[in-house]
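Worksheet: the structure to be examined is printed underneath.
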Amino acid sequence: MANTRLEDLRNRKAKIMLGGGAESVASQHDKGKKTARERLTLLFDPDSFVELGGFVSSRYEEQDASSESLAGDGVITGYGTIDGRLVYAYAQDHTVLEGALGERHANKIVKIQQLALKAGAPIVTIHDSGGIRLREGIDALAGYGKIFHQDTIASGVIPQISVIMGTCAGSAVFGTAISDFIILEDASAQMFVTGPQVVQSVTGTEITADALGGAKTHSAISGVAHIVKSGEVETLAAVKELLSYLPSNNLEFPPREDSADDINRLSAELNGIISEEDTESYEVYDVIKQIADDGKVLDILPDFAQNIVTCFVRIDGNAVGVVANRVKEKSGMIDIDAANKAARFVRRCDAFNIPLLTLVDAVGFLPSVEQEKHGVILHGAKLLYAFCEATVPKVTVVLRKALGSAYNIMCSHEAGADIVLAWPTAEIGVMDAASAAAIVFANEIKNATDPIAERAAKTLQYKTEINNPYRAAEAGYVDDVIEPSQTRQRLSSAFDMLASKRESLPAKKHGNIPL
């Protein structure tokens, strides 16, 4: 005899699995996009995802004739494993009410956020939504407030990764901005507070959705998107890679990955990467790759503020966050965008127990009227604050220049570095040798028979006697001057020594970072 109740359950679940129905699914595929369930299948380990709240439907179900379009109320929520680790997720289902957010849709998201926080596990959010559900009015708007509150409470406790694989507009963008990382699929992702039509109606400016809030805009200009990938498979693979560098929560350490790369490997290439004459540029990524296990680097915000690099590497299998000045762009000088990019990265690493490596080659801040008018003082202080506040192991290597304000802002001993190393090419001082010599030896240069030759000689004298790394080492500001080829070996030793570091800040509600 057939069990009608079991059959009814199976039929209901089968209907839920169809999402918005065959026509809506086909429409999604025609746009070159996968459905929410297909995305979750790609993200999680095979057969590990467990859906919660699948029966939830719109509170206005009775007013909607097409009941099949209401499955899950436009969002799929649940948990599973990624590389064997527990991860929570929600994915907006564009085949159901265009993934628009309503009251119950929001409540499902809040529930999964709360579960992730209780379990101390990361949460991945996949956005593909038509926006807020206008029919539900304030009930839907209040739903966003609940989500934002949970985003904020979880910040710094569990990793939060937002993935944009469609439209994320209006109120929705603020929740993603609170998350730790934002990953965009370059063809479909669009993010903006107000869309092109609103911009045109208010300002008269015509602009496409891509130009206003596409992947190129947010990866290179606004700095909103940390990682951009081409294709949904590659985008979700990037989520997995990123998670491999992150702990499950703020009480744990990032997972270690074994590597066959010898930790005592010397890098002879580094001995000549900076020219003796100090006149040639070089690529700091080449330095980072020589230091990293197997030369592997996960770049964060690579197209934004390219005068500073923020990335993850592994050294002896352990995750390390790297902040490095990049002289190929703006001579490595720090500006507003670079300071903001690096400050957020430093705080993110500190929140999740990821040691910090700082590679320094900066003459200071970018001289500019516009920079001053736009508050470079305030923004530069963010980076200084972030380094000073961080309690994770911090190792600094001065590759070449550490001059003026850049000396401290790029994590000097006095700003909290545990170990400071320098290459023999390092110049550490108040300002560059040429400018300093022009002031210190002004009379000698002025009265010389050949002022130009005298200035060159005095510049070399100042550089040799004052700005050299040995003077800083003699005073204890640098712990050791090392051969560049030995950098990987010495960093491994330093981070291994600091692995048991314990440091806490004075009790307080929170600091007052200059936002």
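Please note that chains go A, B, ... in the order of the structure tokens, that every chain numbers its residues from 1, and that ligands are numbered from 1 in the order shown.
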
- Query: segment 291-301 of chain A: which residues within 10 Å, counting only C-alpha atoms, same-chain residues fewer than 4 positions away excluded, as a PyMOL selection string?
  - Reply: chain A and resi 181-183+218-220+223-228+238+241-242+245+257-263+265-267+270+285-287+305-306+308-322+341-342+345+485-492

Identify, on the basis of only C-alpha atoms, every residue whose closest approach to segment 324-340 of chain A does not exceed 7 Å; exclude the query and any residue fewer than 3 positions from it along the same chain; express the result as a CSV table (one decimal) with C-alpha atoms, in the first residue's frame.
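Dumped everything to part19.csv:
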```
chain,number,residue,atom,x,y,z
A,281,SER,CA,62.7,50.1,-10.9
A,282,TYR,CA,61.8,46.5,-10.1
A,283,GLU,CA,58.7,44.4,-9.6
A,284,VAL,CA,57.9,43.7,-6.0
A,305,ALA,CA,45.8,51.4,-5.8
A,306,GLN,CA,48.6,49.4,-7.6
A,307,ASN,CA,51.2,51.4,-5.7
A,308,ILE,CA,50.6,49.0,-2.8
A,309,VAL,CA,50.2,45.2,-2.9
A,310,THR,CA,48.0,43.3,-0.5
A,343,ALA,CA,44.5,49.4,6.3
A,344,ARG,CA,41.4,47.2,5.7
A,358,THR,CA,55.4,44.2,5.4
A,359,LEU,CA,57.9,44.8,2.5
A,360,VAL,CA,58.9,48.4,2.5
A,361,ASP,CA,60.1,50.6,-0.3
A,362,ALA,CA,58.5,54.1,0.0
A,363,VAL,CA,59.8,57.6,0.1
A,364,GLY,CA,56.6,58.8,1.8
A,365,PHE,CA,53.2,60.1,0.8
A,366,LEU,CA,52.3,61.3,-2.7
A,371,GLN,CA,45.5,64.4,-1.9
A,376,VAL,CA,45.3,62.1,3.0
A,379,HIS,CA,43.4,58.2,5.5
A,380,GLY,CA,47.1,57.7,6.0
A,382,LYS,CA,44.1,54.6,9.1
A,383,LEU,CA,47.0,52.5,8.0
```

- Query: What are the DSSP strand (DSSP E or B) residues of segment 32-177 of chain A, as an NGL selection string?
  - Reply: :A and (50-52 or 75-82 or 85-92 or 101 or 123-127 or 132 or 160-164 or 167-169)

Spatial neighbours of Ser244 of chain A, max dist 9 Å, only C-alpha atoms, sep filter under 3 positions, as a CSV table (one decimal) with C-alpha atoms, in the first residue's frame:
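Listed below is the output, out.csv:
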```
chain,number,residue,atom,x,y,z
A,83,ASP,CA,37.4,21.1,1.4
A,239,VAL,CA,35.9,31.4,-3.0
A,240,LYS,CA,37.4,28.0,-2.2
A,241,GLU,CA,40.9,29.3,-2.6
A,247,PRO,CA,40.3,30.2,9.8
A,254,PRO,CA,44.2,29.4,9.4
A,255,PRO,CA,44.6,25.9,8.1
A,256,ARG,CA,48.2,24.8,7.2
A,257,GLU,CA,49.0,23.3,3.9
A,319,ALA,CA,49.1,31.6,5.7
```

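You can rank A:Asn467, A:Ser412, A:Thr95, A:Thr208 by their closest distance to Ala437 of chain A using only C-alpha atoms, and at the top of that list sits A:Asn467.
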
- Surrounding residues of Thr41 of chain A excluding itself and chain neighbours under 4 positions, 12 Å, only C-alpha atoms, as an NGL selection string: :A and (34-37 or 45-51 or 76 or 78-82 or 89 or 91 or 232-233 or 236-237)

Take the residues that were just selected and, keeping C-alpha atoms, output them as a PDB file, in the first residue's frame.
```
ATOM      1  CA  LYS A  34      23.705  29.125 -13.521  1.00  0.00           C
ATOM      2  CA  THR A  35      20.840  28.705 -11.093  1.00  0.00           C
ATOM      3  CA  ALA A  36      21.319  29.193  -7.368  1.00  0.00           C
ATOM      4  CA  ARG A  37      21.311  25.450  -6.730  1.00  0.00           C
ATOM      5  CA  ASP A  45      31.872  19.323  -1.568  1.00  0.00           C
ATOM      6  CA  PRO A  46      29.805  16.703  -3.468  1.00  0.00           C
ATOM      7  CA  ASP A  47      26.510  15.826  -1.753  1.00  0.00           C
ATOM      8  CA  SER A  48      27.419  17.836   1.368  1.00  0.00           C
ATOM      9  CA  PHE A  49      25.038  20.802   1.085  1.00  0.00           C
ATOM     10  CA  VAL A  50      21.984  20.612   3.344  1.00  0.00           C
ATOM     11  CA  GLU A  51      19.180  23.040   2.575  1.00  0.00           C
ATOM     12  CA  ILE A  76      18.334  29.096  -0.824  1.00  0.00           C
ATOM     13  CA  GLY A  78      21.894  25.949   4.223  1.00  0.00           C
ATOM     14  CA  TYR A  79      25.234  24.494   5.174  1.00  0.00           C
ATOM     15  CA  GLY A  80      27.771  21.950   3.990  1.00  0.00           C
ATOM     16  CA  THR A  81      31.488  21.407   3.664  1.00  0.00           C
ATOM     17  CA  ILE A  82      34.102  23.017   1.457  1.00  0.00           C
ATOM     18  CA  ALA A  89      25.732  29.865   2.654  1.00  0.00           C
ATOM     19  CA  ALA A  91      22.224  32.053  -2.632  1.00  0.00           C
ATOM     20  CA  GLU A 232      31.002  31.228 -12.665  1.00  0.00           C
ATOM     21  CA  VAL A 233      33.123  28.115 -12.238  1.00  0.00           C
ATOM     22  CA  LEU A 236      33.346  29.924  -7.123  1.00  0.00           C
ATOM     23  CA  ALA A 237      36.789  28.297  -7.292  1.00  0.00           C
TER      24      ALA A 237
END
```

Near Asp418 of chain A, counting only C-alpha atoms, which residues have an atom at most 12 Å away, once you skip same-chain residues fewer than 5 positions from it, shown as a compact mmCIF listing (two decimals) with N, CA and C atoms, in the first residue's frame?
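Output file part-v4.txt follows:
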```
# COMPACT_ATOMS: atom_id res chain seq x y z
N PRO A 355 49.32 36.16 10.34
CA PRO A 355 50.52 36.98 10.52
C PRO A 355 50.72 37.94 9.36
N LEU A 356 51.41 39.04 9.65
CA LEU A 356 51.61 40.09 8.65
C LEU A 356 53.08 40.26 8.28
N LEU A 357 53.34 40.31 6.99
CA LEU A 357 54.66 40.62 6.45
C LEU A 357 54.56 41.93 5.69
N THR A 358 55.41 42.89 6.04
CA THR A 358 55.43 44.19 5.38
C THR A 358 56.75 44.35 4.63
N PHE A 387 48.18 49.07 11.71
CA PHE A 387 49.40 48.36 12.06
C PHE A 387 49.65 48.41 13.58
N CYS A 388 49.45 49.57 14.18
CA CYS A 388 49.70 49.72 15.62
C CYS A 388 48.75 48.86 16.44
N ALA A 390 47.20 46.02 15.45
CA ALA A 390 47.28 44.58 15.16
C ALA A 390 48.17 43.86 16.17
N THR A 391 47.68 42.74 16.66
CA THR A 391 48.43 41.96 17.66
C THR A 391 48.97 40.64 17.10
N VAL A 392 48.71 40.35 15.83
CA VAL A 392 49.26 39.14 15.23
C VAL A 392 50.77 39.31 15.05
N PRO A 393 51.52 38.24 14.82
CA PRO A 393 52.95 38.39 14.52
C PRO A 393 53.16 39.32 13.33
N LYS A 394 54.09 40.26 13.49
CA LYS A 394 54.35 41.25 12.44
C LYS A 394 55.84 41.32 12.16
N VAL A 395 56.20 41.05 10.91
CA VAL A 395 57.61 41.10 10.50
C VAL A 395 57.72 42.08 9.34
N THR A 396 58.69 42.97 9.43
CA THR A 396 58.91 43.98 8.40
C THR A 396 60.28 43.80 7.77
N VAL A 397 60.33 43.91 6.45
CA VAL A 397 61.60 43.87 5.73
C VAL A 397 61.72 45.14 4.90
N CYS A 411 54.89 50.04 9.31
CA CYS A 411 55.11 49.08 10.40
C CYS A 411 56.57 48.97 10.83
N SER A 412 57.08 50.06 11.37
CA SER A 412 58.40 50.05 11.99
C SER A 412 58.33 49.33 13.33
N HIS A 413 59.50 49.13 13.96
CA HIS A 413 59.52 48.56 15.31
C HIS A 413 58.66 49.39 16.25
N TYR A 477 66.92 49.84 15.74
CA TYR A 477 65.66 49.98 15.01
C TYR A 477 65.50 48.87 13.98
N VAL A 478 66.60 48.27 13.56
CA VAL A 478 66.61 47.12 12.66
C VAL A 478 67.28 45.97 13.39
N ASP A 479 66.65 44.79 13.37
CA ASP A 479 67.18 43.64 14.10
C ASP A 479 68.35 42.97 13.40
N LEU A 491 62.47 34.73 7.17
CA LEU A 491 61.06 34.97 7.47
C LEU A 491 60.42 33.74 8.09
N ALA A 494 61.49 33.64 11.64
CA ALA A 494 60.85 34.68 12.44
C ALA A 494 59.41 34.33 12.76
N PHE A 495 58.66 33.91 11.76
CA PHE A 495 57.25 33.59 11.99
C PHE A 495 57.11 32.34 12.86
N MET A 497 59.20 31.50 15.23
CA MET A 497 59.50 31.99 16.57
C MET A 497 58.33 32.74 17.18
N LEU A 498 57.57 33.44 16.34
CA LEU A 498 56.47 34.27 16.83
C LEU A 498 55.13 33.52 16.90
N ALA A 499 55.15 32.25 16.56
CA ALA A 499 53.89 31.49 16.48
C ALA A 499 53.13 31.48 17.80
N LYS A 501 53.15 33.93 19.97
CA LYS A 501 52.99 35.32 20.44
C LYS A 501 51.63 35.53 21.07
N ARG A 502 51.61 36.19 22.22
CA ARG A 502 50.38 36.54 22.90
C ARG A 502 50.45 38.01 23.28
N GLU A 503 49.56 38.79 22.74
CA GLU A 503 49.53 40.22 23.03
C GLU A 503 48.08 40.66 23.07
```

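Each of A:Val481, A:Ala456, A:Ala426, A:Leu18 was compared to Asn468 of chain A using only C-alpha atoms, and A:Ala426 turns out to be the nearest.
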
- Message: DSSP on the backbone: which residues in segment 97-163 of chain A end up as helix (DSSP H, G or I)? Give the answer as an MDAnalysis selection string.
- Response: chainID A and resid 97:99 103:119 134:154

Based on the selection just made, write N, CA and C atoms of those residues as a compact mmCIF listing (two decimals), in the first residue's frame.
```
# COMPACT_ATOMS: atom_id res chain seq x y z
N LEU A 97 10.84 34.97 -8.33
CA LEU A 97 10.59 36.38 -8.05
C LEU A 97 11.82 37.24 -8.29
N GLU A 98 12.65 36.82 -9.26
CA GLU A 98 13.90 37.50 -9.62
C GLU A 98 14.85 37.64 -8.43
N GLY A 99 14.70 36.76 -7.45
CA GLY A 99 15.57 36.80 -6.27
C GLY A 99 15.34 38.03 -5.41
N GLU A 103 10.15 39.94 3.24
CA GLU A 103 10.28 39.72 4.68
C GLU A 103 10.76 38.31 5.01
N ARG A 104 10.12 37.29 4.46
CA ARG A 104 10.51 35.92 4.78
C ARG A 104 11.85 35.55 4.15
N HIS A 105 12.10 36.07 2.97
CA HIS A 105 13.41 35.93 2.32
C HIS A 105 14.50 36.42 3.29
N ALA A 106 14.29 37.61 3.85
CA ALA A 106 15.26 38.18 4.79
C ALA A 106 15.37 37.34 6.05
N ASN A 107 14.22 36.86 6.55
CA ASN A 107 14.26 36.05 7.78
C ASN A 107 15.06 34.77 7.58
N LYS A 108 14.97 34.17 6.38
CA LYS A 108 15.76 32.98 6.10
C LYS A 108 17.26 33.31 6.16
N ILE A 109 17.62 34.43 5.59
CA ILE A 109 19.03 34.84 5.60
C ILE A 109 19.51 35.07 7.02
N VAL A 110 18.72 35.77 7.82
CA VAL A 110 19.11 36.06 9.20
C VAL A 110 19.30 34.77 10.00
N LYS A 111 18.43 33.81 9.78
CA LYS A 111 18.55 32.53 10.50
C LYS A 111 19.87 31.83 10.17
N ILE A 112 20.24 31.82 8.90
CA ILE A 112 21.47 31.13 8.53
C ILE A 112 22.68 31.92 9.02
N GLN A 113 22.58 33.25 9.05
CA GLN A 113 23.65 34.06 9.61
C GLN A 113 23.84 33.75 11.10
N GLN A 114 22.76 33.63 11.80
CA GLN A 114 22.83 33.34 13.24
C GLN A 114 23.40 31.96 13.49
N LEU A 115 23.03 30.99 12.67
CA LEU A 115 23.58 29.64 12.82
C LEU A 115 25.09 29.64 12.57
N ALA A 116 25.52 30.35 11.54
CA ALA A 116 26.95 30.42 11.24
C ALA A 116 27.72 31.04 12.39
N LEU A 117 27.17 32.07 12.98
CA LEU A 117 27.83 32.74 14.10
C LEU A 117 27.90 31.82 15.31
N LYS A 118 26.81 31.13 15.60
CA LYS A 118 26.79 30.20 16.74
C LYS A 118 27.80 29.07 16.55
N ALA A 119 27.91 28.58 15.32
CA ALA A 119 28.80 27.45 15.03
C ALA A 119 30.25 27.89 14.84
N LEU A 134 8.91 45.37 -3.78
CA LEU A 134 8.15 46.60 -3.53
C LEU A 134 6.79 46.33 -2.88
N ARG A 135 6.17 45.21 -3.24
CA ARG A 135 4.85 44.90 -2.69
C ARG A 135 4.88 44.79 -1.17
N GLU A 136 6.03 44.38 -0.62
CA GLU A 136 6.11 44.17 0.82
C GLU A 136 6.56 45.42 1.59
N GLY A 137 6.96 46.45 0.86
CA GLY A 137 7.22 47.74 1.48
C GLY A 137 8.14 47.72 2.68
N ILE A 138 7.69 48.29 3.78
CA ILE A 138 8.52 48.44 4.98
C ILE A 138 8.92 47.09 5.57
N ASP A 139 8.10 46.06 5.36
CA ASP A 139 8.46 44.73 5.87
C ASP A 139 9.74 44.22 5.21
N ALA A 140 9.86 44.47 3.91
CA ALA A 140 11.08 44.07 3.20
C ALA A 140 12.25 44.96 3.60
N LEU A 141 11.99 46.26 3.72
CA LEU A 141 13.05 47.19 4.09
C LEU A 141 13.60 46.87 5.47
N ALA A 142 12.72 46.52 6.39
CA ALA A 142 13.16 46.13 7.74
C ALA A 142 13.99 44.85 7.69
N GLY A 143 13.67 43.99 6.72
CA GLY A 143 14.46 42.77 6.55
C GLY A 143 15.91 43.07 6.27
N TYR A 144 16.17 44.07 5.44
CA TYR A 144 17.56 44.47 5.18
C TYR A 144 18.24 44.92 6.47
N GLY A 145 17.52 45.67 7.30
CA GLY A 145 18.11 46.12 8.56
C GLY A 145 18.53 44.96 9.44
N LYS A 146 17.71 43.92 9.48
CA LYS A 146 18.05 42.73 10.28
C LYS A 146 19.32 42.06 9.74
N ILE A 147 19.41 41.98 8.41
CA ILE A 147 20.58 41.35 7.79
C ILE A 147 21.84 42.16 8.09
N PHE A 148 21.75 43.49 7.95
CA PHE A 148 22.92 44.35 8.19
C PHE A 148 23.39 44.24 9.64
N HIS A 149 22.44 44.12 10.54
CA HIS A 149 22.81 43.99 11.95
C HIS A 149 23.60 42.71 12.18
N GLN A 150 23.16 41.62 11.58
CA GLN A 150 23.87 40.36 11.72
C GLN A 150 25.24 40.41 11.03
N ASP A 151 25.30 41.08 9.86
CA ASP A 151 26.59 41.26 9.18
C ASP A 151 27.59 41.93 10.13
N THR A 152 27.12 42.94 10.82
CA THR A 152 27.99 43.74 11.69
C THR A 152 28.40 42.95 12.93
N ILE A 153 27.46 42.25 13.54
CA ILE A 153 27.76 41.46 14.73
C ILE A 153 28.78 40.37 14.41
N ALA A 154 28.67 39.79 13.23
CA ALA A 154 29.58 38.69 12.84
C ALA A 154 30.93 39.20 12.36
```
